[in-house]
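Presented below is the structure to which this report refers.
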Amino acid sequence: GSPGPAPRSDRSPWNWLLVLPVVIPLITLLYNRDEPRLAGFPAFYWVQLLLIPLSVLCTVIVYRATRRRD
């Protein structure tokens with residue numbers, strides 16, 4: 001018979017980029033403050049809201065860099 005698909009390896013160095021959206025929110029000393037305010041929101045809130053697109057961007061980059069192209 002025909003051989004099955006090659007086994008998938010998840011050992012790409014691109015996967016290290018996924019550490020950023022996990023580690024950055026854990027380092028609260030980077031954004032645990034009131035100033036600067038953006039549209040009246042303390043830095044704590046708007047920095048966390050900026051982490052959402054950062055997480056999405058990292059995930060998209062890793063997905064596109066590591067997907068199989070048959």
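Letters A, B, ... mark the chains of the structure tokens in the order given; residue numbers begin at 1 per chain; ligand numbers begin at 1, in order shown.
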Chain A: residues DSSP assigns to alpha helix (DSSP H), reported as a PyMOL selection string: chain A and resi 20-23+43-66
Under the rule of at most 10 Å, produce a per-residue listing of range 50-69 of chain A near range 17-40 of chain A: chain, number, name, the closest pair of atoms, and the distance in Å, as CSV, using only C-alpha atoms.
```
residue,atom,partner,partner_atom,distance
A:Leu51,CA,A:Pro21,CA,7.0
A:Ile52,CA,A:Pro21,CA,8.3
A:Pro53,CA,A:Pro21,CA,9.6
A:Leu54,CA,A:Pro21,CA,6.9
A:Ser55,CA,A:Pro21,CA,5.0
A:Val56,CA,A:Pro21,CA,8.7
A:Leu57,CA,A:Pro21,CA,9.5
A:Cys58,CA,A:Leu18,CA,6.2
A:Thr59,CA,A:Leu18,CA,6.6
A:Val60,CA,A:Leu18,CA,10.0
A:Ile61,CA,A:Leu17,CA,8.5
A:Val62,CA,A:Leu17,CA,7.0
```
